[in-house]
$ cat coords_19.txt   # compact mmCIF, C-alpha atoms
# COMPACT_ATOMS: atom_id res chain seq x y z
CA MET F 829 0.00 0.00 0.00
CA ASN F 830 1.30 3.43 -0.92
CA THR F 831 0.29 6.26 1.35
CA ASP F 832 1.34 9.78 0.53
CA THR F 833 0.24 11.23 3.85
CA ILE F 834 2.81 10.24 6.45
CA ASP F 835 1.00 10.58 9.75
CA LYS F 836 0.66 7.81 12.29
CA LEU F 837 3.57 5.96 13.86
CA PRO F 838 3.15 2.47 15.33
CA ASP F 839 2.28 2.29 19.00
CA ASN F 840 5.25 0.00 19.66
CA LEU F 841 7.89 2.51 18.50
CA ASP F 842 10.60 2.34 21.14
CA PRO F 843 12.56 5.60 21.42
CA ARG F 844 15.07 3.89 23.71
CA ASP F 845 16.19 1.30 21.15
CA GLU F 846 19.96 1.62 21.43
CA HIS F 847 20.51 -0.33 18.19
CA ALA F 848 18.62 2.23 16.07
CA THR F 849 20.05 5.65 15.30
CA LEU F 850 18.06 8.39 13.59
CA TYR F 851 19.49 11.24 11.52
CA PRO F 852 16.77 13.92 11.33
CA ALA F 853 18.78 15.77 8.66
CA THR F 854 20.67 14.07 5.83
CA GLY F 855 21.49 16.98 3.52
CA LEU F 856 18.79 15.71 1.17
CA ALA F 857 15.46 17.17 0.10
CA ALA F 858 12.51 15.94 -1.97
CA ILE F 859 10.65 17.47 -4.88
CA GLU F 860 7.32 16.18 -6.19
CA VAL F 861 6.51 15.38 -9.81
CA ILE F 862 2.79 14.69 -10.10
CA GLY F 863 0.20 14.46 -12.84
CA ALA F 864 -1.08 12.09 -15.52
CA ASP F 865 2.07 12.50 -17.65
CA SER F 866 4.62 12.30 -14.82
CA ALA F 867 6.00 8.86 -15.79
CA ARG F 868 6.33 9.74 -19.47
CA PHE F 869 7.88 13.09 -18.61
CA LEU F 870 10.53 11.64 -16.31
CA GLN F 871 11.28 8.84 -18.77
CA GLY F 872 12.45 11.54 -21.16
CA GLN F 873 14.65 13.28 -18.59
CA LEU F 874 16.32 10.74 -16.29
CA THR F 875 18.88 8.01 -16.93
CA CYS F 876 16.93 5.21 -15.21
CA ASP F 877 13.99 3.31 -16.70
CA ILE F 878 10.91 4.80 -15.03
CA GLN F 879 8.85 1.81 -16.15
CA GLN F 880 10.89 -0.41 -13.83
CA ILE F 881 10.08 1.71 -10.78
CA SER F 882 7.13 0.60 -8.67
CA GLU F 883 5.61 1.45 -5.31
CA THR F 884 7.98 -1.14 -3.79
CA GLN F 885 11.11 -0.46 -5.85
CA ALA F 886 12.95 2.87 -6.14
CA SER F 887 15.98 3.67 -8.30
CA ILE F 888 18.93 5.99 -8.25
CA ALA F 889 19.26 8.08 -11.42
CA ALA F 890 20.97 11.09 -12.93
CA PHE F 891 19.39 14.17 -14.47
CA CYS F 892 21.74 15.36 -17.21
CA ASN F 893 22.15 18.37 -19.45
CA ALA F 894 22.27 18.05 -23.23
CA LYS F 895 26.01 17.30 -23.07
CA GLY F 896 25.45 14.33 -20.79
CA ARG F 897 26.85 16.05 -17.69
CA VAL F 898 25.02 15.32 -14.44
CA ILE F 899 22.98 18.24 -13.12
CA SER F 900 22.05 16.17 -10.07
CA THR F 901 22.02 12.61 -8.89
CA LEU F 902 18.67 11.68 -7.38
CA LEU F 903 16.58 8.88 -5.94
CA VAL F 904 13.26 8.23 -7.68
CA ILE F 905 10.40 6.97 -5.47
CA LYS F 906 6.92 6.24 -6.85
CA LYS F 907 3.91 7.67 -5.04
CA THR F 908 0.19 7.39 -5.75
CA ASN F 909 -0.10 10.31 -8.19
CA GLY F 910 3.49 10.69 -9.33
CA TYR F 911 7.00 10.56 -7.92
CA TRP F 912 9.28 11.95 -5.28
CA LEU F 913 12.77 12.89 -6.43
CA VAL F 914 15.25 12.97 -3.55
CA MET F 915 18.48 14.92 -4.06
CA PRO F 916 20.98 17.16 -2.26
CA THR F 917 19.19 20.16 -0.79
CA SER F 918 21.29 22.73 -2.66
CA LEU F 919 20.21 21.23 -6.00
CA ALA F 920 16.44 21.04 -5.44
CA THR F 921 15.63 24.52 -6.76
CA PRO F 922 17.98 24.32 -9.79
CA VAL F 923 16.54 20.91 -10.72
CA ILE F 924 12.95 22.18 -10.53
CA GLU F 925 13.84 25.18 -12.70
CA LYS F 926 15.60 23.04 -15.32
CA LEU F 927 12.90 20.37 -15.40
CA ARG F 928 10.20 23.00 -15.91
CA LYS F 929 11.82 23.96 -19.22
CA TYR F 930 10.89 20.53 -20.57
CA VAL F 931 7.30 20.33 -19.31
CA LEU F 932 5.76 22.19 -22.28
CA ARG F 933 2.14 20.93 -22.51
CA ALA F 934 2.58 17.77 -20.46
CA ALA F 935 0.14 17.20 -17.59
CA VAL F 936 2.88 17.53 -14.98
CA THR F 937 3.28 19.69 -11.89
CA LEU F 938 6.62 20.18 -10.15
CA GLY F 939 6.96 21.34 -6.58
CA ASP F 940 9.42 21.58 -3.71
CA ALA F 941 8.25 19.26 -0.91
CA SER F 942 10.82 20.50 1.61
CA ASP F 943 8.31 22.86 3.22
CA HIS F 944 6.41 19.88 4.66
CA LEU F 945 8.56 16.79 4.12
CA SER F 946 11.84 15.78 5.77
CA VAL F 947 14.28 13.23 4.36
CA ALA F 948 15.69 11.52 7.44
CA GLY F 949 18.11 8.64 7.84
CA LEU F 950 17.99 5.50 9.98
CA THR F 951 20.72 2.98 10.75
CA ILE F 952 20.29 -0.35 12.47
CA ALA F 953 23.32 -1.92 14.14
CA ALA F 954 24.61 -5.09 12.47
CA GLY F 955 23.23 -8.28 13.96
CA HIS F 956 20.26 -6.60 15.63
CA GLU F 957 16.58 -6.53 14.79
CA PHE F 958 14.33 -3.48 14.79
CA HIS F 959 10.70 -4.33 15.47
CA SER F 960 9.27 -0.82 15.81
CA LEU F 961 8.92 -0.31 12.04
CA PRO F 962 8.66 -2.73 9.09
CA LEU F 963 11.87 -2.23 7.10
CA PRO F 964 12.47 -3.19 3.45
CA GLU F 965 15.42 -5.55 3.03
CA LYS F 966 16.57 -5.40 -0.62
CA ASP F 967 18.64 -2.54 -2.03
CA TRP F 968 16.45 0.36 -3.21
CA SER F 969 13.28 -1.44 -2.07
CA VAL F 970 10.51 0.68 -0.54
CA GLY F 971 7.98 0.29 2.24
CA HIS F 972 5.09 2.73 2.63
CA ALA F 973 3.29 1.83 5.84
CA PRO F 974 3.25 3.64 8.17
CA LEU F 975 6.19 5.64 6.73
CA THR F 976 7.86 5.71 3.33
CA ILE F 977 11.21 3.98 3.89
CA VAL F 978 13.88 3.16 1.27
CA LYS F 979 16.65 0.62 1.84
CA LEU F 980 20.04 1.99 0.75
CA PRO F 981 22.66 -0.32 -0.77
CA GLY F 982 25.06 -2.13 1.51
CA ARG F 983 24.65 -1.86 5.27
CA ARG F 984 21.31 -1.54 7.10
CA ARG F 985 20.76 2.10 6.27
CA PHE F 986 17.43 3.62 5.28
CA LEU F 987 16.00 6.90 4.07
CA ILE F 988 12.70 7.92 5.66
CA LEU F 989 10.28 10.45 4.17
CA ALA F 990 8.37 11.97 7.09
CA LYS F 991 6.37 15.08 7.84
CA HIS F 992 8.33 17.72 9.74
CA ASP F 993 6.26 17.16 12.87
CA SER F 994 6.54 13.37 12.76
CA ALA F 995 7.34 11.88 16.16
CA ILE F 996 10.08 9.71 14.70
CA LEU F 997 12.17 12.83 14.07
CA THR F 998 12.35 13.53 17.79
CA ASP F 999 11.69 10.25 19.61
CA LEU F 1000 14.64 8.08 18.55
CA ILE F 1001 18.29 8.56 19.52
CA SER F 1002 19.57 11.02 16.93
CA ARG F 1003 22.87 12.05 15.38
CA PRO F 1004 23.86 15.09 13.26
CA GLU F 1005 23.78 15.43 9.49
CA THR F 1006 27.59 15.37 9.23
CA ASP F 1007 27.63 11.80 10.56
CA TRP F 1008 25.10 10.67 7.95
CA ARG F 1009 27.05 12.30 5.14
CA TYR F 1010 30.17 10.52 6.36
CA GLN F 1011 28.36 7.19 6.04
CA ASP F 1012 27.22 8.11 2.53
CA MET F 1013 30.90 8.60 1.66
CA LEU F 1014 31.79 5.16 3.02
CA ASP F 1015 29.06 3.59 0.89
CA GLY F 1016 30.08 5.50 -2.24
CA LEU F 1017 26.72 7.24 -2.75
CA PRO F 1018 27.45 10.01 -5.28
CA TRP F 1019 25.73 13.02 -3.71
CA PHE F 1020 27.31 16.42 -4.43
CA ASP F 1021 26.50 20.10 -4.07
CA ALA F 1022 25.75 22.78 -6.64
CA SER F 1023 29.44 23.55 -7.22
CA GLN F 1024 29.89 20.14 -8.89
CA SER F 1025 26.73 20.24 -10.98
CA GLU F 1026 27.18 19.66 -14.75
CA GLN F 1027 30.81 18.54 -14.35
CA HIS F 1028 30.71 14.74 -14.75
CA LEU F 1029 29.20 12.00 -16.89
CA PRO F 1030 26.92 9.57 -14.98
CA GLN F 1031 29.40 6.70 -15.39
CA MET F 1032 32.10 8.78 -13.70
CA LEU F 1033 29.84 8.81 -10.62
CA ASN F 1034 29.10 5.05 -10.74
CA ILE F 1035 25.42 5.61 -11.52
CA ASP F 1036 25.60 2.61 -13.87
CA GLY F 1037 27.15 0.44 -11.16
CA LEU F 1038 24.29 1.40 -8.81
CA GLY F 1039 21.69 0.38 -11.42
CA GLY F 1040 20.64 3.91 -12.37
CA ILE F 1041 21.26 3.95 -16.15
CA SER F 1042 19.16 2.14 -18.75
CA PHE F 1043 20.84 1.64 -22.11
CA THR F 1044 17.70 0.20 -23.72
CA LYS F 1045 14.83 2.50 -22.74
CA GLY F 1046 15.22 5.12 -25.49
CA CYS F 1047 15.91 8.82 -25.57
CA TYR F 1048 16.35 11.19 -22.65
CA THR F 1049 18.22 14.46 -22.28
CA GLY F 1050 21.95 13.73 -22.69
CA GLN F 1051 21.29 10.10 -23.72
CA GLU F 1052 23.36 10.15 -26.92
CA ILE F 1053 26.58 11.11 -25.16
CA VAL F 1054 25.95 8.81 -22.17
CA ALA F 1055 25.30 5.86 -24.50
CA ARG F 1056 28.26 6.63 -26.76
CA SER F 1057 30.58 6.78 -23.76
CA HIS F 1058 29.27 3.39 -22.63
CA TYR F 1059 29.49 1.55 -25.93
CA LEU F 1060 32.81 3.05 -27.03
CA GLY F 1061 34.41 2.70 -23.61
CA LYS F 1062 35.46 6.34 -23.48
CA VAL F 1063 34.78 7.03 -19.80
CA LYS F 1064 38.28 7.49 -18.43
CA ARG F 1065 37.36 8.54 -14.88
CA GLN F 1066 35.83 6.63 -12.02
CA LEU F 1067 34.36 7.27 -8.58
CA LEU F 1068 36.56 6.19 -5.66
CA VAL F 1069 36.50 6.69 -1.90
CA GLY F 1070 39.50 8.42 -0.34
CA GLY F 1071 40.62 9.24 3.16
CA CYS F 1072 42.72 11.82 5.00
CA ALA F 1073 43.89 11.77 8.61
CA GLY F 1074 42.10 14.19 10.94
CA GLU F 1075 38.94 16.23 10.52
CA LEU F 1076 39.61 18.42 7.50
CA THR F 1077 37.42 20.76 5.49
CA ILE F 1078 38.09 19.92 1.84
CA ALA F 1079 36.30 22.03 -0.77
CA PRO F 1080 34.52 20.22 -3.60
CA GLY F 1081 36.53 20.55 -6.79
CA THR F 1082 39.90 20.47 -4.99
CA PRO F 1083 42.39 18.86 -7.40
CA VAL F 1084 43.87 15.44 -6.70
CA LEU F 1085 47.50 15.14 -7.75
CA ASP F 1086 49.91 12.31 -8.45
CA GLY F 1087 52.25 12.68 -5.48
CA ASP F 1088 55.32 11.75 -7.55
CA THR F 1089 54.77 13.76 -10.73
CA GLY F 1090 52.51 16.58 -9.52
CA GLN F 1091 50.14 15.84 -12.41
CA THR F 1092 46.43 16.46 -11.82
CA VAL F 1093 44.64 13.10 -11.93
CA GLY F 1094 41.17 14.04 -10.70
CA SER F 1095 39.20 16.09 -8.21
CA VAL F 1096 37.15 15.93 -5.02
CA LEU F 1097 33.42 15.47 -5.55
CA SER F 1098 32.46 15.85 -1.87
CA SER F 1099 33.82 15.24 1.62
CA ALA F 1100 32.73 14.68 5.22
CA HIS F 1101 34.46 13.92 8.50
CA ASP F 1102 33.82 12.01 11.70
CA GLY F 1103 37.16 11.69 13.51
CA ASP F 1104 38.90 11.41 10.16
CA THR F 1105 37.97 12.63 6.68
CA ARG F 1106 36.35 10.70 3.85
CA LEU F 1107 36.09 11.97 0.31
CA LEU F 1108 34.42 10.95 -2.92
CA LEU F 1109 36.97 11.33 -5.69
CA VAL F 1110 36.55 11.38 -9.46
CA LEU F 1111 39.89 10.06 -10.71
CA HIS F 1112 41.48 8.88 -13.92
CA ALA F 1113 40.99 5.12 -14.20
CA LEU F 1114 43.80 3.46 -12.25
CA GLU F 1115 44.11 0.30 -14.38
CA GLY F 1116 45.64 -1.59 -11.48
CA GLU F 1117 48.69 0.57 -10.79
CA SER F 1118 49.50 1.81 -7.30
CA LYS F 1119 50.06 5.54 -6.92
CA ARG F 1120 50.72 8.04 -4.19
CA PHE F 1121 48.08 10.79 -4.11
CA ILE F 1122 48.00 14.22 -2.54
CA LEU F 1123 45.43 16.99 -2.54
CA GLY F 1124 46.15 20.11 -4.52
CA ASP F 1125 45.61 22.31 -1.46
CA GLU F 1126 48.12 24.58 0.27
CA HIS F 1127 49.26 21.74 2.55
CA GLN F 1128 49.51 19.09 -0.20
CA THR F 1129 47.59 16.83 2.16
CA PRO F 1130 48.38 13.10 1.78
CA LEU F 1131 45.44 11.10 0.47
CA SER F 1132 44.84 7.36 0.52
CA LEU F 1133 42.31 5.30 -1.41
CA ILE F 1134 40.02 3.03 0.60
CA LEU F 1135 37.43 0.44 -0.27
CA ALA F 1136 33.80 1.41 0.17
CA GLU F 1137 32.57 -0.34 3.31
$ encode --input "coords_19.txt" --output "structure tokens"
Amino acid sequence: MNTDTIDKLPDNLDPRDEHATLYPATGLAAIEVIGADSARFLQGQLTCDIQQISETQASIAAFCNAKGRVISTLLVIKKTNGYWLVMPTSLATPVIEKLRKYVLRAAVTLGDASDHLSVAGLTIAAGHEFHSLPLPEKDWSVGHAPLTIVKLPGRRRFLILAKHDSAILTDLISRPETDWRYQDMLDGLPWFDASQSEQHLPQMLNIDGLGGISFTKGCYTGQEIVARSHYLGKVKRQLLVGGCAGELTIAPGTPVLDGDTGQTVGSVLSSAHDGDTRLLLVLHALEGESKRFILGDEHQTPLSLILAE
């Protein structure tokens, strides 16, 4: 059952559950795409196949410009009369403005849902059950009762769409947004802010690896370049997770250098810290060789590559 009004929480919700941690803020916001033509409209704009999305299955996707560069990565969730698109908060307004240019006469309405809807995060400790809410188990799967909950890839992490005054946003043990963003880095989820918009092809951000690009569905904005890059093997950069010692503030777009030659080999997509610093990096394909990396900042900060956890 899909319910678009997120109201009642179960009576057995236990705010003292030490194995569940809530993140009331995640750095993400939702916009609504509703109307009779919403599926057809989004099929012509996003990299994923909208026809494969159901009330129980979401998908990551990219919204690209005509040159195939990603305006925003987003999560597509089906609702009764349309879709929610979840994306970094700083990109919600630009995405609405750019999508509106393509509406023309389609029966579609776009709106910012952030005035009434929060995108929260929930983690459940490994090896423990959480009986207060029914949780979807497969990657990108969705549950809608009593809350809309999406299972993220990898560990037991979930996005929750809840009204601002929902009790779950205040009742459970909570942690700050910076901690959630740090976990997104560890899992290689390619969120970025407005400064990195329209800089990268979807494959450079691993959208294909996360199941968010269809190469069979037909045309969408930027599709020709995205498909050509796929079939000709011309994507020479890849998304990797990096780490630096200490809690550092690293600006998106900071160059990544080969520590031996000084040559620029990529850039920072985004970063977060929680005791140490994690970064999403868009780097030239490594092709198996081992290199020493540094950041192109004033300190030439040493940088190591790590596996996504």
$ closest_residue --input "coords_19.txt" --among "F:Gly872, F:Ala1100, F:Ala889, F:Gly1074" --to "Pro1130 (chain F)" --atoms "all atoms listed in the file"
F:Gly1074
$ atom_distance --input "coords_19.txt" --atom1 "CA of Ala886 (chain F)" --atom2 "CA of Ala1055 (chain F)"
22.3 Å
$ atom_distance --input "coords_19.txt" --atom1 "CA of Thr1049 (chain F)" --atom2 "CA of Gln873 (chain F)"
5.3 Å
$ closest_atom_pairs --input "coords_19.txt" --of "region 852-942 of chain F" --to "region 1022-1040 of chain F" --cutoff "8 Å" --atoms "all atoms listed in the file" --output "CSV"
residue,atom,partner,partner_atom,distance
F:Thr875,CA,F:Gly1040,CA,6.4
F:Cys876,CA,F:Gly1040,CA,4.8
F:Asp877,CA,F:Gly1040,CA,8.0
F:Ser887,CA,F:Gly1040,CA,6.2
F:Ile888,CA,F:Gly1040,CA,4.9
F:Ala889,CA,F:Gly1040,CA,4.5
F:Ala890,CA,F:Pro1030,CA,6.5
F:Cys892,CA,F:Glu1026,CA,7.4
F:Asn893,CA,F:Glu1026,CA,7.0
F:Gly896,CA,F:Leu1029,CA,5.9
F:Arg897,CA,F:Glu1026,CA,4.7
F:Val898,CA,F:Glu1026,CA,4.9
F:Ile899,CA,F:Glu1026,CA,4.7
F:Ser900,CA,F:Ser1025,CA,6.3
F:Ser918,CA,F:Ala1022,CA,6.0
F:Leu919,CA,F:Ala1022,CA,5.8
$ residues_around --input "coords_19.txt" --residues "Ile878 (chain F)" --least-positions-apart "4" --cutoff "8 Å" --atoms "all atoms listed in the file" --output "ChimeraX atom specification"
/F:867,870-871
$ closest_residue --input "coords_19.txt" --among "F:Val914, F:Thr884, F:Gly1070, F:Ala858" --to "Asp967 (chain F)" --atoms "only C-alpha atoms"
F:Thr884
$ closest_residue --input "coords_19.txt" --among "F:Ser1099, F:Ser946, F:Ser1042, F:Thr1129" --to "Leu1085 (chain F)" --atoms "all atoms listed in the file"
F:Thr1129
